[in-house]
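Engineer: One file is attached below, coords_10.cif, containing mmCIF, C-alpha atoms, pLDDT in the B column; chains and numbers go by the auth columns.
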data_protein
#
loop_
_atom_site.group_PDB
_atom_site.id
_atom_site.type_symbol
_atom_site.label_atom_id
_atom_site.label_comp_id
_atom_site.label_asym_id
_atom_site.label_seq_id
_atom_site.Cartn_x
_atom_site.Cartn_y
_atom_site.Cartn_z
_atom_site.B_iso_or_equiv
_atom_site.auth_seq_id
_atom_site.auth_asym_id
ATOM 1 C CA MET A 1 0.000 0.000 0.000 41.00 212 A
ATOM 2 C CA ALA A 2 1.477 3.343 -1.001 42.00 213 A
ATOM 3 C CA ILE A 3 1.757 5.766 1.936 43.00 214 A
ATOM 4 C CA ALA A 4 1.141 9.438 1.223 43.00 215 A
ATOM 5 C CA PHE A 5 3.534 11.709 3.064 39.00 216 A
ATOM 6 C CA PRO A 6 2.703 15.393 3.561 43.00 217 A
ATOM 7 C CA ILE A 7 5.082 17.680 1.691 40.00 218 A
ATOM 8 C CA GLN A 8 5.868 20.862 3.546 42.00 219 A
ATOM 9 C CA ARG A 9 5.931 23.931 1.309 40.00 220 A
ATOM 10 C CA PHE A 10 7.517 27.286 2.042 37.00 221 A
ATOM 11 C CA TYR A 11 6.031 30.395 0.546 40.00 222 A
ATOM 12 C CA ASP A 12 7.106 34.014 0.368 42.00 223 A
ATOM 13 C CA ILE A 13 4.448 35.930 2.297 38.00 224 A
ATOM 14 C CA PRO A 14 3.605 39.253 0.621 44.00 225 A
ATOM 15 C CA ILE A 15 3.557 42.255 2.957 40.00 226 A
ATOM 16 C CA SER A 16 2.130 45.603 1.968 42.00 227 A
ATOM 17 C CA LEU A 17 4.967 48.095 2.120 40.00 228 A
ATOM 18 C CA SER A 18 2.589 51.023 2.305 42.00 229 A
ATOM 19 C CA THR A 19 1.300 49.922 5.704 43.00 230 A
ATOM 20 C CA CYS A 20 4.620 48.861 7.192 44.00 231 A
ATOM 21 C CA SER A 21 6.973 50.844 9.287 47.00 232 A
ATOM 22 C CA PRO A 22 10.641 50.987 8.292 44.00 233 A
ATOM 23 C CA ARG A 23 11.330 48.397 10.955 45.00 234 A
ATOM 24 C CA CYS A 24 8.660 46.145 9.397 42.00 235 A
ATOM 25 C CA ILE A 25 10.171 46.602 5.958 39.00 236 A
ATOM 26 C CA SER A 26 13.608 45.784 7.279 43.00 237 A
ATOM 27 C CA GLY A 27 12.305 42.687 9.023 45.00 238 A
ATOM 28 C CA HIS A 28 10.515 41.530 5.877 44.00 239 A
ATOM 29 C CA SER A 29 13.690 41.852 3.837 41.00 240 A
ATOM 30 C CA GLN A 30 15.597 39.717 6.324 44.00 241 A
ATOM 31 C CA ALA A 31 12.859 37.061 6.409 40.00 242 A
ATOM 32 C CA LYS A 32 12.660 36.909 2.630 43.00 243 A
ATOM 33 C CA GLY A 33 16.332 36.147 2.489 44.00 244 A
ATOM 34 C CA PHE A 34 15.720 32.851 4.320 42.00 245 A
ATOM 35 C CA ALA A 35 12.605 31.804 2.364 49.00 246 A
ATOM 36 C CA VAL A 36 12.915 28.625 0.237 50.00 247 A
ATOM 37 C CA PRO A 37 11.361 28.853 -3.246 56.00 248 A
ATOM 38 C CA ARG A 38 8.360 26.542 -3.720 55.00 249 A
ATOM 39 C CA ARG A 39 9.897 24.463 -6.546 54.00 250 A
ATOM 40 C CA LYS A 40 13.116 23.873 -4.615 55.00 251 A
ATOM 41 C CA ALA A 41 11.165 22.891 -1.497 51.00 252 A
ATOM 42 C CA LEU A 42 9.179 20.320 -3.482 51.00 253 A
ATOM 43 C CA SER A 43 12.323 18.869 -5.016 54.00 254 A
ATOM 44 C CA LEU A 44 14.010 18.671 -1.615 52.00 255 A
ATOM 45 C CA SER A 45 11.023 16.954 -0.002 52.00 256 A
ATOM 46 C CA LEU A 46 10.771 14.357 -2.783 47.00 257 A
ATOM 47 C CA SER A 47 14.469 13.589 -2.603 54.00 258 A
ATOM 48 C CA LEU A 48 14.126 12.915 1.113 54.00 259 A
ATOM 49 C CA LEU A 49 10.969 10.801 0.802 53.00 260 A
ATOM 50 C CA LEU A 50 11.899 8.716 -2.258 50.00 261 A
ATOM 51 C CA PRO A 51 14.352 6.400 -0.425 53.00 262 A
ATOM 52 C CA THR A 52 11.694 5.752 2.246 52.00 263 A
ATOM 53 C CA TYR A 53 9.128 4.876 -0.417 48.00 264 A
ATOM 54 C CA ILE A 54 11.546 2.518 -2.173 46.00 265 A
ATOM 55 C CA LEU A 55 12.324 0.714 1.089 45.00 266 A
ATOM 56 C CA SER A 56 8.603 0.378 1.886 50.00 267 A
ATOM 57 C CA ALA A 57 7.845 -0.980 -1.579 45.00 268 A
ATOM 58 C CA SER A 58 10.733 -3.463 -1.343 42.00 269 A
ATOM 59 C CA ALA A 59 9.517 -4.693 2.024 42.00 270 A
ATOM 60 C CA ALA A 60 5.997 -5.170 0.679 45.00 271 A
ATOM 61 C CA LEU A 61 7.359 -7.085 -2.333 42.00 272 A
ATOM 62 C CA ALA A 62 9.411 -9.328 -0.075 40.00 273 A
ATOM 63 C CA GLN A 63 6.301 -10.184 1.948 48.00 274 A
ATOM 64 C CA HIS A 64 4.427 -11.256 -1.188 56.00 275 A
ATOM 65 C CA SER A 65 7.322 -13.241 -2.692 61.00 276 A
ATOM 66 C CA PRO A 66 8.240 -15.950 -0.186 74.00 277 A
ATOM 67 C CA VAL A 67 11.642 -17.578 -0.300 93.00 278 A
ATOM 68 C CA LEU A 68 11.483 -21.112 -1.682 96.00 279 A
ATOM 69 C CA ARG A 69 13.571 -23.839 -0.066 97.00 280 A
ATOM 70 C CA GLU A 70 14.585 -27.016 -1.874 97.00 281 A
ATOM 71 C CA TYR A 71 13.654 -30.406 -0.499 98.00 282 A
ATOM 72 C CA VAL A 72 15.637 -33.359 -1.875 98.00 283 A
ATOM 73 C CA ASP A 73 14.810 -36.995 -1.140 97.00 284 A
ATOM 74 C CA SER A 74 17.718 -38.946 -2.603 95.00 285 A
ATOM 75 C CA PHE A 75 16.458 -42.205 -1.098 95.00 286 A
ATOM 76 C CA ASP A 76 13.069 -42.152 -2.868 96.00 287 A
ATOM 77 C CA GLY A 77 14.249 -40.125 -5.852 97.00 288 A
ATOM 78 C CA TYR A 78 12.501 -36.746 -6.082 98.00 289 A
ATOM 79 C CA SER A 79 12.950 -33.060 -5.258 98.00 290 A
ATOM 80 C CA PHE A 80 10.907 -29.873 -5.224 98.00 291 A
ATOM 81 C CA ARG A 81 10.892 -26.366 -3.789 98.00 292 A
ATOM 82 C CA TYR A 82 8.437 -25.118 -1.182 98.00 293 A
ATOM 83 C CA PRO A 83 7.869 -21.902 0.859 97.00 294 A
ATOM 84 C CA SER A 84 10.547 -21.757 3.527 96.00 295 A
ATOM 85 C CA ASN A 85 8.120 -20.799 6.297 96.00 296 A
ATOM 86 C CA TRP A 86 5.996 -23.941 5.825 97.00 297 A
ATOM 87 C CA ILE A 87 6.396 -26.655 8.450 97.00 298 A
ATOM 88 C CA GLN A 88 6.756 -30.393 8.036 97.00 299 A
ATOM 89 C CA VAL A 89 3.974 -32.579 9.435 95.00 300 A
ATOM 90 C CA ARG A 90 4.893 -36.168 10.214 92.00 301 A
ATOM 91 C CA GLY A 91 2.432 -39.043 10.181 83.00 302 A
ATOM 92 C CA ALA A 92 0.197 -37.424 7.546 81.00 303 A
ATOM 93 C CA GLY A 93 0.191 -40.575 5.380 86.00 304 A
ATOM 94 C CA ALA A 94 2.177 -39.114 2.484 93.00 305 A
ATOM 95 C CA ASP A 95 5.861 -39.671 1.753 96.00 306 A
ATOM 96 C CA ILE A 96 6.472 -36.029 2.755 97.00 307 A
ATOM 97 C CA PHE A 97 4.033 -33.347 3.897 97.00 308 A
ATOM 98 C CA PHE A 98 4.442 -29.604 4.509 98.00 309 A
ATOM 99 C CA ARG A 99 1.748 -27.069 5.372 97.00 310 A
ATOM 100 C CA ASP A 100 1.359 -23.349 5.818 97.00 311 A
ATOM 101 C CA PRO A 101 1.520 -22.531 9.569 96.00 312 A
ATOM 102 C CA TYR A 102 -1.250 -19.924 9.219 95.00 313 A
ATOM 103 C CA VAL A 103 -3.503 -21.154 6.387 95.00 314 A
ATOM 104 C CA LEU A 104 -4.021 -24.701 7.619 91.00 315 A
ATOM 105 C CA ASP A 105 -5.859 -25.796 4.445 94.00 316 A
ATOM 106 C CA GLU A 106 -2.783 -24.979 2.355 98.00 317 A
ATOM 107 C CA ASN A 107 -0.273 -27.804 2.056 98.00 318 A
ATOM 108 C CA ILE A 108 2.025 -29.776 -0.213 98.00 319 A
ATOM 109 C CA SER A 109 2.738 -33.504 -0.265 98.00 320 A
ATOM 110 C CA VAL A 110 4.270 -36.231 -2.412 98.00 321 A
ATOM 111 C CA GLU A 111 2.702 -39.615 -3.131 97.00 322 A
ATOM 112 C CA ILE A 112 4.653 -42.538 -4.649 97.00 323 A
ATOM 113 C CA SER A 113 3.213 -45.725 -6.084 95.00 324 A
ATOM 114 C CA SER A 114 4.343 -49.016 -4.605 91.00 325 A
ATOM 115 C CA PRO A 115 7.409 -50.419 -6.384 85.00 326 A
ATOM 116 C CA SER A 116 6.066 -53.948 -6.057 84.00 327 A
ATOM 117 C CA SER A 117 2.677 -53.235 -7.653 81.00 328 A
ATOM 118 C CA SER A 118 3.575 -50.745 -10.384 82.00 329 A
ATOM 119 C CA ARG A 119 5.844 -50.985 -13.407 88.00 330 A
ATOM 120 C CA TYR A 120 5.569 -47.538 -14.976 95.00 331 A
ATOM 121 C CA LYS A 121 7.931 -46.704 -17.818 95.00 332 A
ATOM 122 C CA THR A 122 6.655 -43.216 -18.613 96.00 333 A
ATOM 123 C CA VAL A 123 3.907 -40.889 -17.459 97.00 334 A
ATOM 124 C CA GLN A 124 2.227 -41.596 -20.794 97.00 335 A
ATOM 125 C CA ASP A 125 1.259 -44.969 -19.327 97.00 336 A
ATOM 126 C CA LEU A 126 -1.590 -42.980 -17.717 97.00 337 A
ATOM 127 C CA GLY A 127 -2.869 -42.021 -21.162 97.00 338 A
ATOM 128 C CA SER A 128 -3.186 -38.439 -22.353 98.00 339 A
ATOM 129 C CA PRO A 129 -3.052 -35.501 -19.892 98.00 340 A
ATOM 130 C CA GLN A 130 -6.856 -35.338 -20.084 98.00 341 A
ATOM 131 C CA GLU A 131 -7.186 -39.026 -19.197 98.00 342 A
ATOM 132 C CA ALA A 132 -4.700 -38.586 -16.367 98.00 343 A
ATOM 133 C CA GLY A 133 -6.743 -35.615 -15.125 98.00 344 A
ATOM 134 C CA LYS A 134 -9.849 -37.786 -14.831 98.00 345 A
ATOM 135 C CA LYS A 135 -7.908 -40.378 -12.828 97.00 346 A
ATOM 136 C CA VAL A 136 -6.492 -37.707 -10.517 98.00 347 A
ATOM 137 C CA LEU A 137 -9.948 -36.230 -9.864 98.00 348 A
ATOM 138 C CA LYS A 138 -11.427 -39.675 -9.238 97.00 349 A
ATOM 139 C CA GLN A 139 -8.689 -40.380 -6.700 96.00 350 A
ATOM 140 C CA TYR A 140 -9.343 -37.104 -4.881 96.00 351 A
ATOM 141 C CA LEU A 141 -13.090 -37.752 -4.698 95.00 352 A
ATOM 142 C CA THR A 142 -12.465 -41.275 -3.405 95.00 353 A
ATOM 143 C CA GLU A 143 -10.267 -39.912 -0.632 93.00 354 A
ATOM 144 C CA PHE A 144 -12.864 -37.277 0.297 90.00 355 A
ATOM 145 C CA MET A 145 -15.822 -39.661 0.487 88.00 356 A
ATOM 146 C CA SER A 146 -17.900 -38.939 3.572 82.00 357 A
ATOM 147 C CA THR A 147 -20.417 -41.014 5.504 78.00 358 A
ATOM 148 C CA ARG A 148 -22.151 -37.925 6.864 78.00 359 A
ATOM 149 C CA LEU A 149 -25.724 -37.322 5.774 75.00 360 A
ATOM 150 C CA GLY A 150 -26.333 -34.395 3.463 76.00 361 A
ATOM 151 C CA VAL A 151 -22.746 -34.006 2.264 87.00 362 A
ATOM 152 C CA ARG A 152 -22.349 -33.186 -1.421 89.00 363 A
ATOM 153 C CA ARG A 153 -19.237 -32.541 -3.499 93.00 364 A
ATOM 154 C CA GLU A 154 -18.957 -30.552 -6.712 95.00 365 A
ATOM 155 C CA SER A 155 -15.820 -31.002 -8.816 97.00 366 A
ATOM 156 C CA ASN A 156 -14.357 -29.727 -12.068 97.00 367 A
ATOM 157 C CA ILE A 157 -11.168 -30.352 -14.005 98.00 368 A
ATOM 158 C CA LEU A 158 -9.832 -26.861 -14.655 98.00 369 A
ATOM 159 C CA SER A 159 -6.810 -27.692 -16.797 98.00 370 A
ATOM 160 C CA THR A 160 -4.507 -30.502 -17.903 98.00 371 A
ATOM 161 C CA SER A 161 -1.161 -30.104 -19.627 98.00 372 A
ATOM 162 C CA SER A 162 2.199 -31.730 -20.264 98.00 373 A
ATOM 163 C CA ARG A 163 5.726 -30.340 -20.315 97.00 374 A
ATOM 164 C CA VAL A 164 9.278 -31.522 -20.747 98.00 375 A
ATOM 165 C CA ALA A 165 11.418 -30.160 -17.926 98.00 376 A
ATOM 166 C CA ASP A 166 15.106 -29.286 -18.001 97.00 377 A
ATOM 167 C CA ASP A 167 15.906 -32.870 -16.919 96.00 378 A
ATOM 168 C CA GLY A 168 14.489 -34.125 -20.224 97.00 379 A
ATOM 169 C CA LYS A 169 11.587 -35.947 -18.543 97.00 380 A
ATOM 170 C CA LEU A 170 7.910 -35.587 -19.376 98.00 381 A
ATOM 171 C CA TYR A 171 5.552 -34.363 -16.649 98.00 382 A
ATOM 172 C CA TYR A 172 1.764 -33.991 -16.538 98.00 383 A
ATOM 173 C CA GLN A 173 0.099 -31.141 -14.657 98.00 384 A
ATOM 174 C CA VAL A 174 -3.523 -31.291 -13.498 98.00 385 A
ATOM 175 C CA GLU A 175 -5.641 -28.627 -11.783 98.00 386 A
ATOM 176 C CA VAL A 176 -9.040 -29.376 -10.285 98.00 387 A
ATOM 177 C CA ASN A 177 -11.527 -27.546 -8.095 98.00 388 A
ATOM 178 C CA ILE A 178 -13.603 -29.317 -5.465 98.00 389 A
ATOM 179 C CA LYS A 179 -16.356 -27.740 -3.362 97.00 390 A
ATOM 180 C CA SER A 180 -17.943 -29.417 -0.350 95.00 391 A
ATOM 181 C CA TYR A 181 -21.518 -28.682 0.760 94.00 392 A
ATOM 182 C CA ALA A 182 -23.349 -29.907 3.839 88.00 393 A
ATOM 183 C CA ASN A 183 -26.690 -29.388 5.588 80.00 394 A
ATOM 184 C CA ASN A 184 -26.558 -27.410 8.802 69.00 395 A
ATOM 185 C CA ASN A 185 -29.085 -29.813 10.337 65.00 396 A
ATOM 186 C CA GLU A 186 -28.959 -33.119 8.483 58.00 397 A
ATOM 187 C CA LEU A 187 -31.298 -34.844 10.978 57.00 398 A
ATOM 188 C CA ALA A 188 -34.104 -32.309 10.560 54.00 399 A
ATOM 189 C CA VAL A 189 -37.446 -33.722 9.412 58.00 400 A
ATOM 190 C CA MET A 190 -38.663 -30.723 7.420 64.00 401 A
ATOM 191 C CA PRO A 191 -36.744 -29.830 4.237 62.00 402 A
ATOM 192 C CA GLN A 192 -36.817 -26.103 5.053 60.00 403 A
ATOM 193 C CA GLU A 193 -34.899 -26.842 8.238 63.00 404 A
ATOM 194 C CA ARG A 194 -32.021 -28.389 6.280 67.00 405 A
ATOM 195 C CA VAL A 195 -30.082 -25.389 4.964 75.00 406 A
ATOM 196 C CA VAL A 196 -27.218 -26.250 2.626 82.00 407 A
ATOM 197 C CA ARG A 197 -23.983 -24.327 3.177 89.00 408 A
ATOM 198 C CA MET A 198 -20.538 -24.516 1.632 92.00 409 A
ATOM 199 C CA GLU A 199 -17.933 -26.138 3.888 93.00 410 A
ATOM 200 C CA TRP A 200 -14.877 -25.441 1.745 95.00 411 A
ATOM 201 C CA ASP A 201 -13.779 -24.493 -1.764 97.00 412 A
ATOM 202 C CA ARG A 202 -10.296 -25.694 -2.736 98.00 413 A
ATOM 203 C CA ARG A 203 -7.908 -25.841 -5.672 98.00 414 A
ATOM 204 C CA TYR A 204 -5.872 -29.032 -6.088 98.00 415 A
ATOM 205 C CA LEU A 205 -2.767 -28.999 -8.270 98.00 416 A
ATOM 206 C CA SER A 206 -0.955 -32.208 -9.194 98.00 417 A
ATOM 207 C CA VAL A 207 2.305 -32.845 -11.021 98.00 418 A
ATOM 208 C CA LEU A 208 2.868 -36.396 -12.252 98.00 419 A
ATOM 209 C CA GLY A 209 6.194 -37.939 -13.216 98.00 420 A
ATOM 210 C CA VAL A 210 7.633 -41.422 -13.662 97.00 421 A
ATOM 211 C CA GLU A 211 11.040 -42.759 -12.674 96.00 422 A
ATOM 212 C CA ASN A 212 12.389 -45.957 -11.093 95.00 423 A
ATOM 213 C CA ASN A 213 9.298 -47.785 -12.456 95.00 424 A
ATOM 214 C CA GLN A 214 7.169 -45.733 -10.058 96.00 425 A
ATOM 215 C CA LEU A 215 4.567 -42.985 -10.420 97.00 426 A
ATOM 216 C CA TYR A 216 5.337 -39.832 -8.422 98.00 427 A
ATOM 217 C CA GLU A 217 2.689 -37.213 -7.673 98.00 428 A
ATOM 218 C CA LEU A 218 3.321 -33.787 -6.180 98.00 429 A
ATOM 219 C CA ARG A 219 0.106 -32.452 -4.634 98.00 430 A
ATOM 220 C CA LEU A 220 -0.720 -28.882 -3.718 98.00 431 A
ATOM 221 C CA GLN A 221 -3.896 -28.023 -1.829 98.00 432 A
ATOM 222 C CA VAL A 222 -4.949 -24.396 -1.391 98.00 433 A
ATOM 223 C CA PRO A 223 -8.236 -22.593 -0.644 97.00 434 A
ATOM 224 C CA GLU A 224 -9.602 -21.102 -3.835 97.00 435 A
ATOM 225 C CA ASN A 225 -9.602 -17.536 -2.488 95.00 436 A
ATOM 226 C CA VAL A 226 -5.949 -17.876 -1.422 96.00 437 A
ATOM 227 C CA PHE A 227 -4.911 -19.363 -4.767 96.00 438 A
ATOM 228 C CA THR A 228 -5.851 -16.139 -6.536 92.00 439 A
ATOM 229 C CA GLU A 229 -3.245 -14.264 -4.502 93.00 440 A
ATOM 230 C CA GLU A 230 -0.511 -16.916 -4.509 94.00 441 A
ATOM 231 C CA GLN A 231 -0.834 -18.651 -7.859 94.00 442 A
ATOM 232 C CA ASN A 232 2.478 -17.339 -9.258 95.00 443 A
ATOM 233 C CA ASP A 233 4.415 -18.712 -6.279 95.00 444 A
ATOM 234 C CA LEU A 234 2.510 -22.006 -6.321 96.00 445 A
ATOM 235 C CA ARG A 235 3.210 -22.494 -10.015 96.00 446 A
ATOM 236 C CA GLN A 236 6.913 -22.054 -9.274 97.00 447 A
ATOM 237 C CA VAL A 237 6.578 -24.889 -6.775 98.00 448 A
ATOM 238 C CA MET A 238 4.859 -27.061 -9.400 98.00 449 A
ATOM 239 C CA ASP A 239 7.517 -26.344 -12.011 97.00 450 A
ATOM 240 C CA SER A 240 10.295 -27.251 -9.554 98.00 451 A
ATOM 241 C CA PHE A 241 9.190 -30.872 -9.111 98.00 452 A
ATOM 242 C CA ARG A 242 11.705 -33.432 -10.423 98.00 453 A
ATOM 243 C CA VAL A 243 11.907 -37.216 -10.270 98.00 454 A
ATOM 244 C CA ASN A 244 15.416 -38.667 -10.095 97.00 455 A
ATOM 245 C CA LYS A 245 17.057 -41.997 -10.750 95.00 456 A
ATOM 246 C CA ILE A 246 17.835 -43.881 -7.554 93.00 457 A
ATOM 247 C CA ALA A 247 21.396 -45.076 -7.377 84.00 458 A
ATOM 248 C CA ALA A 248 21.634 -48.852 -7.326 70.00 459 A
#
Turn this file's structure into structure tokens for me.

Structural biologist:
Amino acid sequence: MAIAFPIQRFYDIPISLSTCSPRCISGHSQAKGFAVPRRKALSLSLSLLLPTYILSASAALAQHSPVLREYVDSFDGYSFRYPSNWIQVRGAGADIFFRDPYVLDENISVEISSPSSSRYKTVQDLGSPQEAGKKVLKQYLTEFMSTRLGVRRESNILSTSSRVADDGKLYYQVEVNIKSYANNNELAVMPQERVVRMEWDRRYLSVLGVENNQLYELRLQVPENVFTEEQNDLRQVMDSFRVNKIAA
């Protein structure tokens, strides 16, 4: 946010010589000698305030561009970058899991297929990016199945794409949106007493890669309203994901 600073201006104050005594005229001449012209005063004030504005703008930019830290798992064969202020959560069920310490619905994780039950050669074994997107969405909806009465999920595949990274490997990227709705009183008898409300609205971003005969999936979860503000940083995280050959 730009901060407006008041600029002090100095003006020559006109004094009527016809109504002044000689002493007044003498005093006015001395005062006029110390007056700063308006244009010079403006230039001086701006030169003093500009460094402050630049520092404030730099600080604001730093707050909106978090530092990304690299995570490397040489044992399982993958790496990615994530916001340095995120914290690791153990026992979350994924191979690795980090989350935002303030926005608890925002997190990143990596899932790896079992080496004994999968023999992937390339990510194209999943089909086209569009076919892979359908499988990713189906997996998410399976994981979010609820036994609560009155719970309903709405989902959409927002985009699917493929890219060859600087390691020469092919990766698929999938973005989906899932909304969860629930009744505020699912046990109510009368329909008008069961008011449907949205529980959450989230964006899920997946990056898929294959190496070591295994399928690797980087997952990003973020509330939809937060994604709008952080999408550039989150896409940097997605683009940083790499799968690596495990040394024999």

Engineer: Evaluate the PyMOL selection byres ((chain A and resi 336) around 12) against this structure - the residues, as an mmCIF file with C-alpha atoms, in the coordinates of the input, please.

Structural biologist:
data_model
loop_
_atom_site.group_PDB
_atom_site.id
_atom_site.type_symbol
_atom_site.label_atom_id
_atom_site.label_comp_id
_atom_site.auth_asym_id
_atom_site.auth_seq_id
_atom_site.Cartn_x
_atom_site.Cartn_y
_atom_site.Cartn_z
ATOM 1 C CA SER A 329 3.575 -50.745 -10.384
ATOM 2 C CA ARG A 330 5.844 -50.985 -13.407
ATOM 3 C CA TYR A 331 5.569 -47.538 -14.976
ATOM 4 C CA LYS A 332 7.931 -46.704 -17.818
ATOM 5 C CA THR A 333 6.655 -43.216 -18.613
ATOM 6 C CA VAL A 334 3.907 -40.889 -17.459
ATOM 7 C CA GLN A 335 2.227 -41.596 -20.794
ATOM 8 C CA LEU A 337 -1.590 -42.980 -17.717
ATOM 9 C CA GLY A 338 -2.869 -42.021 -21.162
ATOM 10 C CA SER A 339 -3.186 -38.439 -22.353
ATOM 11 C CA PRO A 340 -3.052 -35.501 -19.892
ATOM 12 C CA GLU A 342 -7.186 -39.026 -19.197
ATOM 13 C CA ALA A 343 -4.700 -38.586 -16.367
ATOM 14 C CA LEU A 381 7.910 -35.587 -19.376
ATOM 15 C CA TYR A 382 5.552 -34.363 -16.649
ATOM 16 C CA TYR A 383 1.764 -33.991 -16.538
ATOM 17 C CA LEU A 419 2.868 -36.396 -12.252
ATOM 18 C CA GLY A 420 6.194 -37.939 -13.216
ATOM 19 C CA VAL A 421 7.633 -41.422 -13.662
ATOM 20 C CA ASN A 424 9.298 -47.785 -12.456
ATOM 21 C CA GLN A 425 7.169 -45.733 -10.058
ATOM 22 C CA LEU A 426 4.567 -42.985 -10.420
#

Engineer: When you count only C-alpha atoms, which of these residues is closest to Glu386 in chain A: A:Lys345, A:Arg292, A:Arg453, A:Arg301?

Structural biologist: A:Lys345

Engineer: As a PDB file with C-alpha atoms, keeping the file's coordinate frame, please: the residues near Asn394 in chain A (cut-off 7 Å, only C-alpha atoms, same-chain neighbours under 4 positions excluded).

Structural biologist:
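Output contents, as saved in around15.pdb:
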ATOM      1  CA  GLY A 361     -26.333 -34.395   3.463  1.00 76.00           C
ATOM      2  CA  VAL A 362     -22.746 -34.006   2.264  1.00 87.00           C
ATOM      3  CA  ARG A 405     -32.021 -28.389   6.280  1.00 67.00           C
ATOM      4  CA  VAL A 406     -30.082 -25.389   4.964  1.00 75.00           C
ATOM      5  CA  VAL A 407     -27.218 -26.250   2.626  1.00 82.00           C
ATOM      6  CA  ARG A 408     -23.983 -24.327   3.177  1.00 89.00           C
TER       7      ARG A 408
END

Engineer: Mind telling me what the PyMOL selection byres ((chain A and resi 287) around 9) catches here, as a ChimeraX atom specification?

Structural biologist: /A:284-286,288-289,306,323,454-457

Engineer: Box in all listed atoms of range 348-365 of chain A, axis-aligned, with 3 Å more on each side; write out centre and edge lengths in Å to one decimal as JSON.

Structural biologist:
{"center_x": -17.5, "center_y": -35.9, "center_z": -1.5, "size_x": 23.6, "size_y": 16.7, "size_z": 22.7}
